[in-house]
Amino acid sequence: MQATLADLARLLAAEVEGEAQTRITGIAPLEQAGPGDLTFITQRRYAARLAACRASAVLVDRHLPVDRPALRVADPLHALIVLLEHFFPLRHPRWGIDPRAVLHPSVTVGADVSIAPYVVIEAGARLGDRVVVYPGTYIGAECVIGDECVLYANVSLYARVHLGRGVIVHSGAVIGADGFGFQRQADGSYRKIPQVGRVVIGDGVEIGANTCIDRATVGDTTIAAGTKIDNLVQIGHNVTIGAHTVLAGQVGLAGSVRVGAHVRMAGQVGVADHVTIGDHSAIGAQAGVAQDVPPGAAVWGTPAMPLTACKRLHVYTSRLGELFQQVRQLQQRVAQLEARERRS
Amino acid sequence: MQATLADLARLLAAEVEGEAQTRITGIAPLEQAGPGDLTFITQRRYAARLAACRASAVLVDRHLPVDRPALRVADPLHALIVLLEHFFPLRHPRWGIDPRAVLHPSVTVGADVSIAPYVVIEAGARLGDRVVVYPGTYIGAECVIGDECVLYANVSLYARVHLGRGVIVHSGAVIGADGFGFQRQADGSYRKIPQVGRVVIGDGVEIGANTCIDRATVGDTTIAAGTKIDNLVQIGHNVTIGAHTVLAGQVGLAGSVRVGAHVRMAGQVGVADHVTIGDHSAIGAQAGVAQDVPPGAAVWGTPAMPLTACKRLHVYTSRLGELFQQVRQLQQRVAQLEARERRS
Amino acid sequence: MQATLADLARLLAAEVEGEAQTRITGIAPLEQAGPGDLTFITQRRYAARLAACRASAVLVDRHLPVDRPALRVADPLHALIVLLEHFFPLRHPRWGIDPRAVLHPSVTVGADVSIAPYVVIEAGARLGDRVVVYPGTYIGAECVIGDECVLYANVSLYARVHLGRGVIVHSGAVIGADGFGFQRQADGSYRKIPQVGRVVIGDGVEIGANTCIDRATVGDTTIAAGTKIDNLVQIGHNVTIGAHTVLAGQVGLAGSVRVGAHVRMAGQVGVADHVTIGDHSAIGAQAGVAQDVPPGAAVWGTPAMPLTACKRLHVYTSRLGELFQQVRQLQQRVAQLEARERRS
């Protein structure tokens with residue numbers, strides 16, 4: 001990129017503070033920016049790192065005092081998004097329908113699709129307009145892929161997976177594999193319960209790399225519109241997730257978990273089967289949730305408890321040594337009282 | 001599907017309760033069933049959900065009172081399996097040996113195999129009868145794949161992996177990657193320990209999507225017959241797992257762990273290297289196991305302890321605030337006793 | 001392999017104890033070795049397992065008494081590495097540039113590369129000498145792959161990933177997928193923050209199967225030379241990791257985490273965003289790290305605390321039942337003292 005602060009200010013409807021002709025050739029975070037870079041402060045708690053940063057200018061909110069030329073906006077993160085979209089538009093390779101892709105004759109595709117070499121698409125699948133499918137991705141029979149979906153390399157979709165419009169599936173994700181269902185037999189062996197349901201994913205969902213979403217035993221595993229799922233997440237059979245929920249990396253949801261809308265789960269959370277997680281709740285990192293979580297609640301810990309109780313518990317446990325000592329001292333003092341009483 | 005309750009009763013040797021001519025067009029779980037569907041109650045604790053369910057009929061045990069036409073059987077889950085196998089038989093695509101699959105000339109294959117486009121099979125591999133290999137799967141040199149194995153799309157088998165008969169490997173699973181073995185050098189760098197052993201997997205094992213099973217350093221990583229492994233599980237080098245064991249999602253077993261037969265591990269359990277887990281034991285979700293677990297034991301927590309001790313610990317920790325308060329009150333009361341004693 | 005102990009002693013500059021003409025036909029660990037095998041004791045704590053082992057000879061340190069012919073060396077693990085490298089040299093398939101690989105015309109490759117069928121390499125990528133790329137691996141635009149890198153089957157590299165010299169990437173690993181960055185909108189939906197940075201990986205790094213390393217939002221996600229990463233690890237956007245650090249299986253690092261050099265993290269550790277982990281520190285299994293860790297520290301637990309404090313805490317919690325009982329007894333004794341005082 002090549003721009004002056006003044007150019008960027010016009011793009012962002014920002015105010016320039018300091019030299020408007022400062023030349024900007026890149027955008028970089030506080031820790032990595034050098035001369036020529038515009039850096040940014042989107043979270044005030046990292047503002048102190050600006051002092052050591054060599055960026056030529058900074059994108060910042062309206063009020064934080066800074067030590068160099070600045071672009072001032074009401075919402076720096078929003079402005080950063082606008083900048084990145086403008087200067088680094090995402091461009092997918094344009095393969096058309098590559099002749100080395102294998103599409104069953106019954107497959108239908110929309111306009112302007114881009115299907116890479118070594119993609120395989122099975123019978124009855126339907127792809128919408130402007131869908132992009134990277135190399136090595138497999139789309140099973142009767143899958144339905146909405147307009148403008150992007151499936152990166154080496155994704156695997158089993159049969160009858162439905163993706164809404166604009167779904168992004170990152171590499172290595174597996175959608176529609178068999179749920180983990182077995183019946184224990186009298187001899188201790190396990191018999192497979194056929195997994196014949198579907199996976200249905202709403203518009204604008206993003207699915208991280210190597211994440212797994214299992215098909216339902218019967219019925220559907222469903223993820224509602226706008227939900228964002230990070231890498232290496234495990235979503236069991238018959239799970240339902242509401243809209244605009246966020247699951248961070250390595251979260252695991254066992255079978256038949258019901259997650260509401262606008263829920264936030266931090267990394268490595270685990271949820272036991274059949275648990276219900278209410279709308280707008282928040283689950284702290286590594287929590288183990290085996291009981292229902294009410295709407296709006298914040299929980300943490302294993303077993304999960306209200307966040308405030310969990311923090312209080314951490315305070316208590318940090319003072320356990322002290323408590324043991326206090327009890328020992330009390331035992332001595334009481335013994336002395338008892339001894340003196342006996343003597344008197 | 002199109003059937004009457006009477007038809008299904010014949011298939012299942014079930015008793016019909018209510019209208020035997022009720023038409024059934026689908027099977028669905030309590031939360032998703034609608035008119036025309038047969039739903040099912042395989043766990044009594046969810047029976048209360050039937051009231052709000054719009055299914056036309058229910059598959060249920062011999063005794064639970066229900067509010068609509070029913071199929072009554074001794075074992076509803078077994079009956080569900082029979083129904084699903086009958087109405088939704090699993091059909092794999094039939095590629096024969098697709099000309100776009102690359103088989104080294106020394107590869108041998110059994111009868112009626114189905115090998116998809118863009119599969120690559122290296123020198124000396126041997127595949128049994130009726131093996132199915134989906135697109136993008138890689139089978140390394142000298143692998144041995146038993147009869148009726150199914151390898152879904154984008155599976156990676158390194159050299160010399162042995163799969164017994166009827167093994168199912170879900171998409172993205174990686175079997176035989178190098179174990180994580182390094183020797184720390186004097187300068188703090190790490191030198192790779194060659195990983196030259198094998199992975200040997202028994203009959204009827206099922207391996208979940210994106211699960212990783214590392215090859216042994218030397219010798220074998222072994223998984224005995226009938227064991228079921230969920231998605232995103234990590235199994236280190238030289239691990240041995242007995243028969244009919246179940247590992248839920250995101251479990252991690254470090255190197256040289258020995259797991260017995262008929263063990264059940266819940267989600268996100270971690271087991272430290274060289275630990276032995278006895279037959280028929282059960283490990284609770286997210287447990288961290290660094291000590292051997294005796295046969296038949298149930299353990300939970302980090303560090304793992306007997307399940308009853310762990311539950312008791314959770315009760316104790318939930319009452320810690322109370323305990324701190326009790327100790328504070330005792331301190332006051334003892335101080336008062338001491339003060340009064342001094343005064344008297 | 002076919003050798004005598006005397007042959008192996010020459011290779012290793014080892015001393016032979018016992019019959020130097022003992023014939024060795026394989027190398028196997030204590031638990032799996034049989035007649036003809038050389039076994040090895042690299043950790044003294046497993047030495048007792050030798051008694052039950054049927055190996056014909058043992059590789060062992062200079063001093064441990066053993067019950068059979070032995071090769072004695074100062075460093076048995078180093079000697080094992082030498083043996084394995086000598087008798088089981090790693091041989092990759094030699095595809096040259098397979099005609100079924102798809103290389104954009106602008107791709108440049110070094111000497112003696114081996115590029116398998118069904119590899120796709122996008123515009124502007126550059127591969128060094130002796131690079132090996134297994135089937136189904138995807139290399140995005142403008143990636144730079146150093147000399148002697150090995151990319152196993154079904155790896156996915158997004159655009160602009162840089163790998164140093166001799167990097168090993170195991171199957172299913174995904175490098176350069178979008179970081180997990182969204183801005184919450186007024187209506188509760190999430191807007192994607194473009195992820196336009198790079199991933200830069202140093203010489204000699206090894207990356208485990210199905211591990212995910214996200215690209216930076218802007219700037220770089222960086223992993224310095226010699227660092228070893230196990231399977232199913234999640235590394236968020238803008239993470240930086242120093243040299244010669246070891247991350248065990250299923251570790252998760254949230255965005256912008258800074259890990260120093262020579263750090264060791266055990267399995268399933270989670271680190272919250274923006275945390276700094278000092279050089280030469282050690283993080284125990286399943287720890288949850290939300291605060292900075294000083295250089296050289298050893299921490300464990302959730303929330304992570306100094307290892308000694310964590311072990312002490314485990315002792316305290318194991319005695320909580322006792323403590324509750326002691327407090328109950330104290331309450332009784334104090335009540336009795338108070339009652340007797342009132343009466344007197």
# chains A, B, ... in the order shown; residues from 1 in each chain; ligands from 1
>>> calpha_fit_and_write(fixed="chain C", moving="chain B", output="compact mmCIF listing (two decimals) with C-alpha atoms, in the first residue's frame")
# COMPACT_ATOMS: atom_id res chain seq x y z
CA MET B 1 18.41 -55.73 10.43
CA GLN B 2 21.10 -58.39 10.90
CA ALA B 3 24.02 -57.69 13.20
CA THR B 4 25.96 -58.99 16.17
CA LEU B 5 26.40 -57.08 19.39
CA ALA B 6 30.01 -56.62 18.34
CA ASP B 7 28.90 -54.96 15.08
CA LEU B 8 26.62 -52.58 16.95
CA ALA B 9 29.31 -51.84 19.51
CA ARG B 10 31.60 -50.66 16.70
CA LEU B 11 28.85 -48.43 15.29
CA LEU B 12 28.16 -46.92 18.70
CA ALA B 13 31.63 -46.98 20.23
CA ALA B 14 29.98 -49.03 22.96
CA GLU B 15 31.36 -51.62 25.33
CA VAL B 16 29.96 -55.12 25.01
CA GLU B 17 29.07 -56.93 28.20
CA GLY B 18 28.54 -60.67 27.76
CA GLU B 19 28.46 -62.60 24.49
CA ALA B 20 29.63 -60.29 21.70
CA GLN B 21 28.39 -62.66 18.98
CA THR B 22 24.75 -62.41 20.15
CA ARG B 23 22.72 -62.02 16.95
CA ILE B 24 20.39 -59.00 16.80
CA THR B 25 17.56 -58.88 14.27
CA GLY B 26 15.48 -56.01 15.59
CA ILE B 27 15.13 -53.19 18.09
CA ALA B 28 12.10 -53.08 20.38
CA PRO B 29 10.95 -51.43 23.60
CA LEU B 30 10.95 -53.32 26.89
CA GLU B 31 7.26 -54.19 26.69
CA GLN B 32 7.40 -55.58 23.13
CA ALA B 33 10.87 -57.03 22.62
CA GLY B 34 11.34 -60.75 21.94
CA PRO B 35 14.23 -63.11 21.21
CA GLY B 36 16.60 -61.60 18.68
CA ASP B 37 15.73 -58.05 19.69
CA LEU B 38 17.94 -55.46 21.26
CA THR B 39 15.96 -53.50 23.82
CA PHE B 40 17.05 -50.32 25.59
CA ILE B 41 16.83 -48.54 28.92
CA THR B 42 16.90 -44.80 28.35
CA GLN B 43 15.11 -43.89 31.59
CA ARG B 44 16.20 -45.66 34.74
CA ARG B 45 12.76 -45.54 36.28
CA TYR B 46 11.64 -48.26 33.85
CA ALA B 47 14.68 -50.48 34.44
CA ALA B 48 12.68 -52.95 36.53
CA ARG B 49 10.72 -53.90 33.41
CA LEU B 50 13.82 -55.57 31.99
CA ALA B 51 13.34 -58.68 34.14
CA ALA B 52 10.14 -59.66 32.30
CA CYS B 53 11.50 -58.71 28.87
CA ARG B 54 12.57 -61.43 26.42
CA ALA B 55 15.06 -59.32 24.47
CA SER B 56 18.38 -60.99 23.66
CA ALA B 57 20.38 -57.93 24.66
CA VAL B 58 19.99 -54.47 26.12
CA LEU B 59 21.40 -51.04 25.34
CA VAL B 60 22.06 -49.38 28.67
CA ASP B 61 24.16 -46.83 30.49
CA ARG B 62 27.60 -47.54 31.91
CA HIS B 63 26.53 -48.54 35.39
CA LEU B 64 23.08 -50.13 35.70
CA PRO B 65 23.48 -53.87 36.46
CA VAL B 66 21.61 -55.99 33.90
CA ASP B 67 20.86 -59.69 33.52
CA ARG B 68 21.83 -60.31 29.88
CA PRO B 69 24.26 -59.30 27.14
CA ALA B 70 24.48 -55.53 26.96
CA LEU B 71 25.82 -52.62 24.98
CA ARG B 72 27.08 -50.02 27.42
CA VAL B 73 27.29 -46.35 26.42
CA ALA B 74 27.31 -43.04 28.24
CA ASP B 75 24.07 -41.87 26.62
CA PRO B 76 21.73 -44.72 25.65
CA LEU B 77 19.12 -42.44 24.06
CA HIS B 78 21.73 -40.88 21.80
CA ALA B 79 22.96 -44.34 20.89
CA LEU B 80 19.41 -45.42 20.10
CA ILE B 81 19.06 -42.45 17.73
CA VAL B 82 22.28 -43.45 15.97
CA LEU B 83 21.08 -47.05 15.64
CA LEU B 84 17.67 -46.07 14.29
CA GLU B 85 19.12 -43.61 11.80
CA HIS B 86 21.56 -46.27 10.61
CA PHE B 87 19.21 -49.22 10.28
CA PHE B 88 15.96 -47.44 9.43
CA PRO B 89 16.88 -44.43 7.32
CA LEU B 90 13.82 -42.41 6.32
CA ARG B 91 13.07 -42.79 2.62
CA HIS B 92 10.47 -40.62 0.95
CA PRO B 93 8.84 -41.68 -2.32
CA ARG B 94 10.61 -40.11 -5.30
CA TRP B 95 8.04 -38.58 -7.57
CA GLY B 96 10.21 -35.96 -9.23
CA ILE B 97 7.52 -33.49 -10.20
CA ASP B 98 4.62 -35.80 -10.86
CA PRO B 99 2.68 -34.75 -13.95
CA ARG B 100 -0.54 -34.95 -11.91
CA ALA B 101 0.72 -32.24 -9.57
CA VAL B 102 -0.63 -28.83 -10.54
CA LEU B 103 2.02 -26.13 -10.35
CA HIS B 104 1.12 -22.64 -11.47
CA PRO B 105 3.59 -21.60 -14.19
CA SER B 106 5.04 -18.95 -11.89
CA VAL B 107 6.04 -21.48 -9.23
CA THR B 108 9.78 -22.01 -8.83
CA VAL B 109 11.30 -25.19 -7.44
CA GLY B 110 14.84 -26.10 -6.43
CA ALA B 111 16.88 -29.18 -7.29
CA ASP B 112 15.81 -32.73 -6.55
CA VAL B 113 12.33 -31.93 -5.31
CA SER B 114 9.74 -34.67 -5.01
CA ILE B 115 6.21 -33.47 -5.66
CA ALA B 116 3.49 -36.09 -5.51
CA PRO B 117 0.35 -36.55 -7.57
CA TYR B 118 -2.57 -34.32 -6.65
CA VAL B 119 -0.48 -31.65 -5.02
CA VAL B 120 -1.57 -28.12 -6.00
CA ILE B 121 0.84 -25.19 -5.76
CA GLU B 122 -0.44 -21.71 -6.45
CA ALA B 123 1.04 -18.67 -8.18
CA GLY B 124 4.31 -17.25 -6.98
CA ALA B 125 5.20 -20.05 -4.56
CA ARG B 126 8.88 -20.86 -4.26
CA LEU B 127 10.22 -24.25 -3.16
CA GLY B 128 13.85 -24.89 -2.23
CA ASP B 129 16.06 -27.86 -2.98
CA ARG B 130 15.14 -31.39 -2.02
CA VAL B 131 11.67 -30.41 -0.81
CA VAL B 132 9.26 -33.35 -0.52
CA VAL B 133 5.51 -32.78 -0.89
CA TYR B 134 3.18 -35.73 -0.36
CA PRO B 135 -0.14 -36.29 -2.13
CA GLY B 136 -3.09 -34.05 -1.55
CA THR B 137 -1.09 -31.22 -0.04
CA TYR B 138 -2.03 -27.69 -1.01
CA ILE B 139 0.45 -24.81 -1.11
CA GLY B 140 -1.12 -21.37 -1.44
CA ALA B 141 0.04 -18.40 -3.45
CA GLU B 142 3.44 -16.88 -2.67
CA CYS B 143 4.37 -19.47 -0.08
CA VAL B 144 8.10 -19.89 0.46
CA ILE B 145 9.27 -23.40 1.34
CA GLY B 146 12.89 -23.76 2.43
CA ASP B 147 15.35 -26.44 1.39
CA GLU B 148 14.66 -29.95 2.62
CA CYS B 149 11.22 -29.28 3.99
CA VAL B 150 8.90 -32.28 4.11
CA LEU B 151 5.16 -31.74 3.81
CA TYR B 152 3.28 -34.98 4.41
CA ALA B 153 -0.06 -35.85 2.85
CA ASN B 154 -3.08 -33.55 3.00
CA VAL B 155 -1.34 -30.55 4.51
CA SER B 156 -2.94 -27.17 3.74
CA LEU B 157 -0.84 -24.03 3.49
CA TYR B 158 -2.78 -20.84 2.86
CA ALA B 159 -1.18 -18.00 0.91
CA ARG B 160 2.09 -16.40 2.03
CA VAL B 161 3.23 -19.00 4.56
CA HIS B 162 7.00 -19.06 4.95
CA LEU B 163 8.77 -22.22 6.05
CA GLY B 164 12.46 -22.14 6.87
CA ARG B 165 14.93 -24.89 6.01
CA GLY B 166 14.20 -28.47 7.04
CA VAL B 167 10.71 -27.86 8.40
CA ILE B 168 8.61 -31.02 8.79
CA VAL B 169 4.84 -30.60 8.51
CA HIS B 170 2.75 -33.64 9.34
CA SER B 171 -0.46 -34.66 7.66
CA GLY B 172 -3.56 -32.61 8.11
CA ALA B 173 -1.74 -29.60 9.55
CA VAL B 174 -3.25 -26.29 8.48
CA ILE B 175 -0.97 -23.27 8.37
CA GLY B 176 -2.20 -19.81 7.61
CA ALA B 177 -5.94 -20.15 8.05
CA ASP B 178 -7.68 -16.96 9.11
CA GLY B 179 -7.21 -15.91 12.70
CA PHE B 180 -10.36 -15.85 14.79
CA GLY B 181 -11.10 -12.15 14.72
CA PHE B 182 -14.50 -10.52 14.65
CA GLN B 183 -15.98 -7.24 15.77
CA ARG B 184 -19.23 -7.45 17.64
CA GLN B 185 -21.84 -5.22 16.04
CA ALA B 186 -24.60 -3.26 17.76
CA ASP B 187 -27.14 -5.94 16.83
CA GLY B 188 -25.02 -8.67 18.43
CA SER B 189 -23.81 -10.09 15.13
CA TYR B 190 -20.12 -10.38 14.30
CA ARG B 191 -18.23 -8.75 11.46
CA LYS B 192 -15.11 -10.47 10.22
CA ILE B 193 -11.82 -8.66 10.71
CA PRO B 194 -9.81 -9.43 7.56
CA GLN B 195 -6.83 -11.62 8.37
CA VAL B 196 -4.17 -10.46 5.99
CA GLY B 197 -0.91 -11.18 7.81
CA ARG B 198 1.49 -14.06 7.33
CA VAL B 199 2.87 -17.11 9.11
CA VAL B 200 6.66 -17.31 9.32
CA ILE B 201 8.25 -20.51 10.56
CA GLY B 202 11.96 -20.93 11.30
CA ASP B 203 14.47 -23.62 10.36
CA GLY B 204 14.08 -27.10 11.73
CA VAL B 205 10.61 -26.61 13.19
CA GLU B 206 8.42 -29.74 13.30
CA ILE B 207 4.64 -29.35 13.17
CA GLY B 208 2.38 -32.18 14.26
CA ALA B 209 -0.54 -33.81 12.52
CA ASN B 210 -3.76 -31.78 12.36
CA THR B 211 -2.14 -28.84 14.15
CA CYS B 212 -3.44 -25.39 13.19
CA ILE B 213 -1.35 -22.23 13.00
CA ASP B 214 -3.37 -19.16 12.09
CA ARG B 215 -2.11 -16.29 10.00
CA ALA B 216 -1.74 -12.89 11.67
CA THR B 217 -4.47 -10.29 11.38
CA VAL B 218 -1.71 -7.99 10.19
CA GLY B 219 1.99 -8.60 10.66
CA ASP B 220 3.20 -12.13 11.32
CA THR B 221 2.51 -15.20 13.36
CA THR B 222 6.06 -16.42 13.99
CA ILE B 223 7.65 -19.61 15.22
CA ALA B 224 11.39 -19.50 15.69
CA ALA B 225 13.95 -22.11 14.70
CA GLY B 226 14.04 -25.54 16.26
CA THR B 227 10.67 -25.41 17.99
CA LYS B 228 8.75 -28.70 18.07
CA ILE B 229 4.95 -28.77 18.02
CA ASP B 230 2.94 -31.92 18.60
CA ASN B 231 -0.41 -32.95 17.11
CA LEU B 232 -3.73 -31.10 17.35
CA VAL B 233 -2.18 -27.91 18.72
CA GLN B 234 -3.99 -24.61 18.13
CA ILE B 235 -1.87 -21.50 17.61
CA GLY B 236 -3.85 -18.30 17.23
CA HIS B 237 -3.17 -15.24 15.12
CA ASN B 238 -0.17 -13.04 15.89
CA VAL B 239 1.30 -15.55 18.30
CA THR B 240 5.08 -15.49 18.51
CA ILE B 241 7.06 -18.48 19.75
CA GLY B 242 10.79 -18.43 20.45
CA ALA B 243 13.41 -20.97 19.46
CA HIS B 244 13.70 -24.53 20.77
CA THR B 245 10.36 -24.50 22.52
CA VAL B 246 8.29 -27.67 22.84
CA LEU B 247 4.47 -27.75 22.75
CA ALA B 248 2.87 -31.11 23.51
CA GLY B 249 -0.38 -32.41 22.06
CA GLN B 250 -3.61 -30.40 22.15
CA VAL B 251 -2.02 -27.24 23.55
CA GLY B 252 -3.99 -24.11 22.66
CA LEU B 253 -2.51 -20.61 22.40
CA ALA B 254 -5.02 -17.79 21.93
CA GLY B 255 -4.28 -14.75 19.82
CA SER B 256 -1.18 -12.60 20.37
CA VAL B 257 0.34 -14.92 22.97
CA ARG B 258 4.11 -14.48 23.20
CA VAL B 259 6.03 -17.62 24.11
CA GLY B 260 9.74 -17.38 24.77
CA ALA B 261 12.57 -19.70 23.80
CA HIS B 262 13.26 -23.08 25.42
CA VAL B 263 9.78 -23.23 26.92
CA ARG B 264 8.13 -26.60 27.55
CA MET B 265 4.35 -26.93 27.60
CA ALA B 266 2.78 -30.28 28.48
CA GLY B 267 -0.39 -31.60 26.90
CA GLN B 268 -3.70 -29.71 26.77
CA VAL B 269 -2.31 -26.48 28.21
CA GLY B 270 -4.35 -23.39 27.34
CA VAL B 271 -2.97 -19.85 27.25
CA ALA B 272 -5.24 -16.79 27.12
CA ASP B 273 -4.76 -14.04 24.58
CA HIS B 274 -1.92 -11.53 24.90
CA VAL B 275 -0.20 -13.49 27.69
CA THR B 276 3.61 -13.58 27.73
CA ILE B 277 5.41 -16.81 28.66
CA GLY B 278 9.05 -16.27 29.62
CA ASP B 279 12.07 -18.14 28.27
CA HIS B 280 12.95 -21.49 29.81
CA SER B 281 9.64 -21.75 31.64
CA ALA B 282 7.68 -24.99 32.00
CA ILE B 283 3.89 -25.30 32.00
CA GLY B 284 2.28 -28.43 33.46
CA ALA B 285 -0.35 -30.50 31.69
CA GLN B 286 -3.84 -28.98 31.34
CA ALA B 287 -2.74 -25.73 32.97
CA GLY B 288 -4.83 -22.67 32.17
CA VAL B 289 -2.54 -19.65 31.89
CA ALA B 290 -4.16 -16.23 32.00
CA GLN B 291 -1.30 -14.25 33.56
CA ASP B 292 2.24 -13.74 32.34
CA VAL B 293 4.73 -16.43 33.31
CA PRO B 294 8.21 -15.19 34.28
CA PRO B 295 11.32 -16.61 32.66
CA GLY B 296 12.43 -19.88 34.19
CA ALA B 297 9.21 -20.39 36.12
CA ALA B 298 7.42 -23.72 36.46
CA VAL B 299 3.64 -23.35 36.68
CA TRP B 300 0.64 -25.65 36.82
CA GLY B 301 -3.09 -25.59 37.46
CA THR B 302 -6.07 -23.50 36.40
CA PRO B 303 -5.55 -20.65 36.97
CA ALA B 304 -1.85 -21.41 36.64
CA MET B 305 0.30 -20.88 39.73
CA PRO B 306 3.86 -21.81 40.68
CA LEU B 307 4.29 -25.58 40.48
CA THR B 308 5.22 -25.89 44.14
CA ALA B 309 2.13 -23.89 45.17
CA CYS B 310 -0.02 -26.08 42.96
CA LYS B 311 1.35 -29.29 44.46
CA ARG B 312 0.87 -27.86 47.95
CA LEU B 313 -2.69 -26.93 46.99
CA HIS B 314 -3.32 -30.53 45.94
CA VAL B 315 -2.11 -31.67 49.35
CA TYR B 316 -4.39 -29.15 51.06
CA THR B 317 -7.42 -30.13 49.01
CA SER B 318 -6.78 -33.81 49.70
CA ARG B 319 -7.04 -32.95 53.41
CA LEU B 320 -10.12 -30.75 53.20
CA GLY B 321 -12.41 -33.40 54.67
CA GLU B 322 -10.11 -33.61 57.67
CA LEU B 323 -10.12 -29.83 57.99
CA PHE B 324 -13.92 -29.63 57.98
CA GLN B 325 -13.97 -32.26 60.71
CA GLN B 326 -11.37 -30.43 62.77
CA VAL B 327 -13.41 -27.25 62.56
CA ARG B 328 -16.56 -29.09 63.61
CA GLN B 329 -14.71 -30.55 66.60
CA LEU B 330 -13.33 -27.15 67.50
CA GLN B 331 -16.82 -25.70 67.39
CA GLN B 332 -17.99 -28.34 69.84
CA ARG B 333 -15.04 -27.88 72.15
CA VAL B 334 -15.40 -24.10 72.14
CA ALA B 335 -19.14 -24.41 72.75
CA GLN B 336 -18.43 -26.67 75.70
CA LEU B 337 -15.85 -24.25 77.07
CA GLU B 338 -18.33 -21.43 76.70
CA ALA B 339 -21.12 -23.47 78.36
CA ARG B 340 -18.96 -24.49 81.27
CA GLU B 341 -17.73 -20.90 81.65
CA ARG B 342 -21.34 -19.65 81.76
CA ARG B 343 -22.21 -22.27 84.37
CA SER B 344 -19.23 -21.51 86.61
>>> select_by_dssp(residues="segment 200-337 of chain A", states="strand (DSSP E)", output="ChimeraX atom specification")
/A:200-201,206-207,212-214,220-223,228-229,234-235,240-241,246-247,252-253,258-259,264-265,270-271,276-277,282-283,288-289,298-300,305-306
>>> write_last_selection(atoms="C-alpha atoms", output="PDB file, in the first residue's frame")
ATOM      1  CA  VAL A 200     -27.610 -27.906   8.673  1.00  0.00           C
ATOM      2  CA  ILE A 201     -25.567 -24.719   8.906  1.00  0.00           C
ATOM      3  CA  GLU A 206     -17.511 -19.514   9.834  1.00  0.00           C
ATOM      4  CA  ILE A 207     -15.997 -22.899  10.682  1.00  0.00           C
ATOM      5  CA  CYS A 212     -15.447 -31.471  13.347  1.00  0.00           C
ATOM      6  CA  ILE A 213     -19.233 -31.237  13.236  1.00  0.00           C
ATOM      7  CA  ASP A 214     -20.936 -34.618  13.400  1.00  0.00           C
ATOM      8  CA  ASP A 220     -30.334 -32.583  12.340  1.00  0.00           C
ATOM      9  CA  THR A 221     -27.249 -31.132  13.912  1.00  0.00           C
ATOM     10  CA  THR A 222     -27.910 -27.414  13.428  1.00  0.00           C
ATOM     11  CA  ILE A 223     -25.862 -24.245  13.655  1.00  0.00           C
ATOM     12  CA  LYS A 228     -18.410 -18.299  14.488  1.00  0.00           C
ATOM     13  CA  ILE A 229     -16.468 -21.454  15.334  1.00  0.00           C
ATOM     14  CA  GLN A 234     -15.658 -30.799  18.332  1.00  0.00           C
ATOM     15  CA  ILE A 235     -19.428 -30.625  17.890  1.00  0.00           C
ATOM     16  CA  THR A 240     -28.057 -27.314  18.147  1.00  0.00           C
ATOM     17  CA  ILE A 241     -26.382 -23.914  18.317  1.00  0.00           C
ATOM     18  CA  VAL A 246     -18.874 -17.742  19.325  1.00  0.00           C
ATOM     19  CA  LEU A 247     -16.922 -20.917  20.135  1.00  0.00           C
ATOM     20  CA  GLY A 252     -15.928 -29.688  22.748  1.00  0.00           C
ATOM     21  CA  LEU A 253     -19.703 -30.142  22.767  1.00  0.00           C
ATOM     22  CA  ARG A 258     -28.255 -27.207  23.040  1.00  0.00           C
ATOM     23  CA  VAL A 259     -26.446 -23.877  22.889  1.00  0.00           C
ATOM     24  CA  ARG A 264     -19.537 -16.956  24.058  1.00  0.00           C
ATOM     25  CA  MET A 265     -17.378 -19.947  24.935  1.00  0.00           C
ATOM     26  CA  GLY A 270     -16.183 -28.925  27.424  1.00  0.00           C
ATOM     27  CA  VAL A 271     -19.951 -29.441  27.641  1.00  0.00           C
ATOM     28  CA  THR A 276     -28.625 -26.679  27.635  1.00  0.00           C
ATOM     29  CA  ILE A 277     -26.663 -23.411  27.521  1.00  0.00           C
ATOM     30  CA  ALA A 282     -20.549 -16.753  28.673  1.00  0.00           C
ATOM     31  CA  ILE A 283     -18.417 -19.783  29.547  1.00  0.00           C
ATOM     32  CA  GLY A 288     -16.403 -28.219  32.282  1.00  0.00           C
ATOM     33  CA  VAL A 289     -20.145 -27.792  32.000  1.00  0.00           C
ATOM     34  CA  ALA A 298     -21.348 -16.231  33.226  1.00  0.00           C
ATOM     35  CA  VAL A 299     -19.807 -19.493  34.419  1.00  0.00           C
ATOM     36  CA  TRP A 300     -16.324 -20.900  34.863  1.00  0.00           C
ATOM     37  CA  MET A 305     -20.189 -22.509  38.576  1.00  0.00           C
ATOM     38  CA  PRO A 306     -21.105 -18.820  38.438  1.00  0.00           C
TER      39      PRO A 306
END
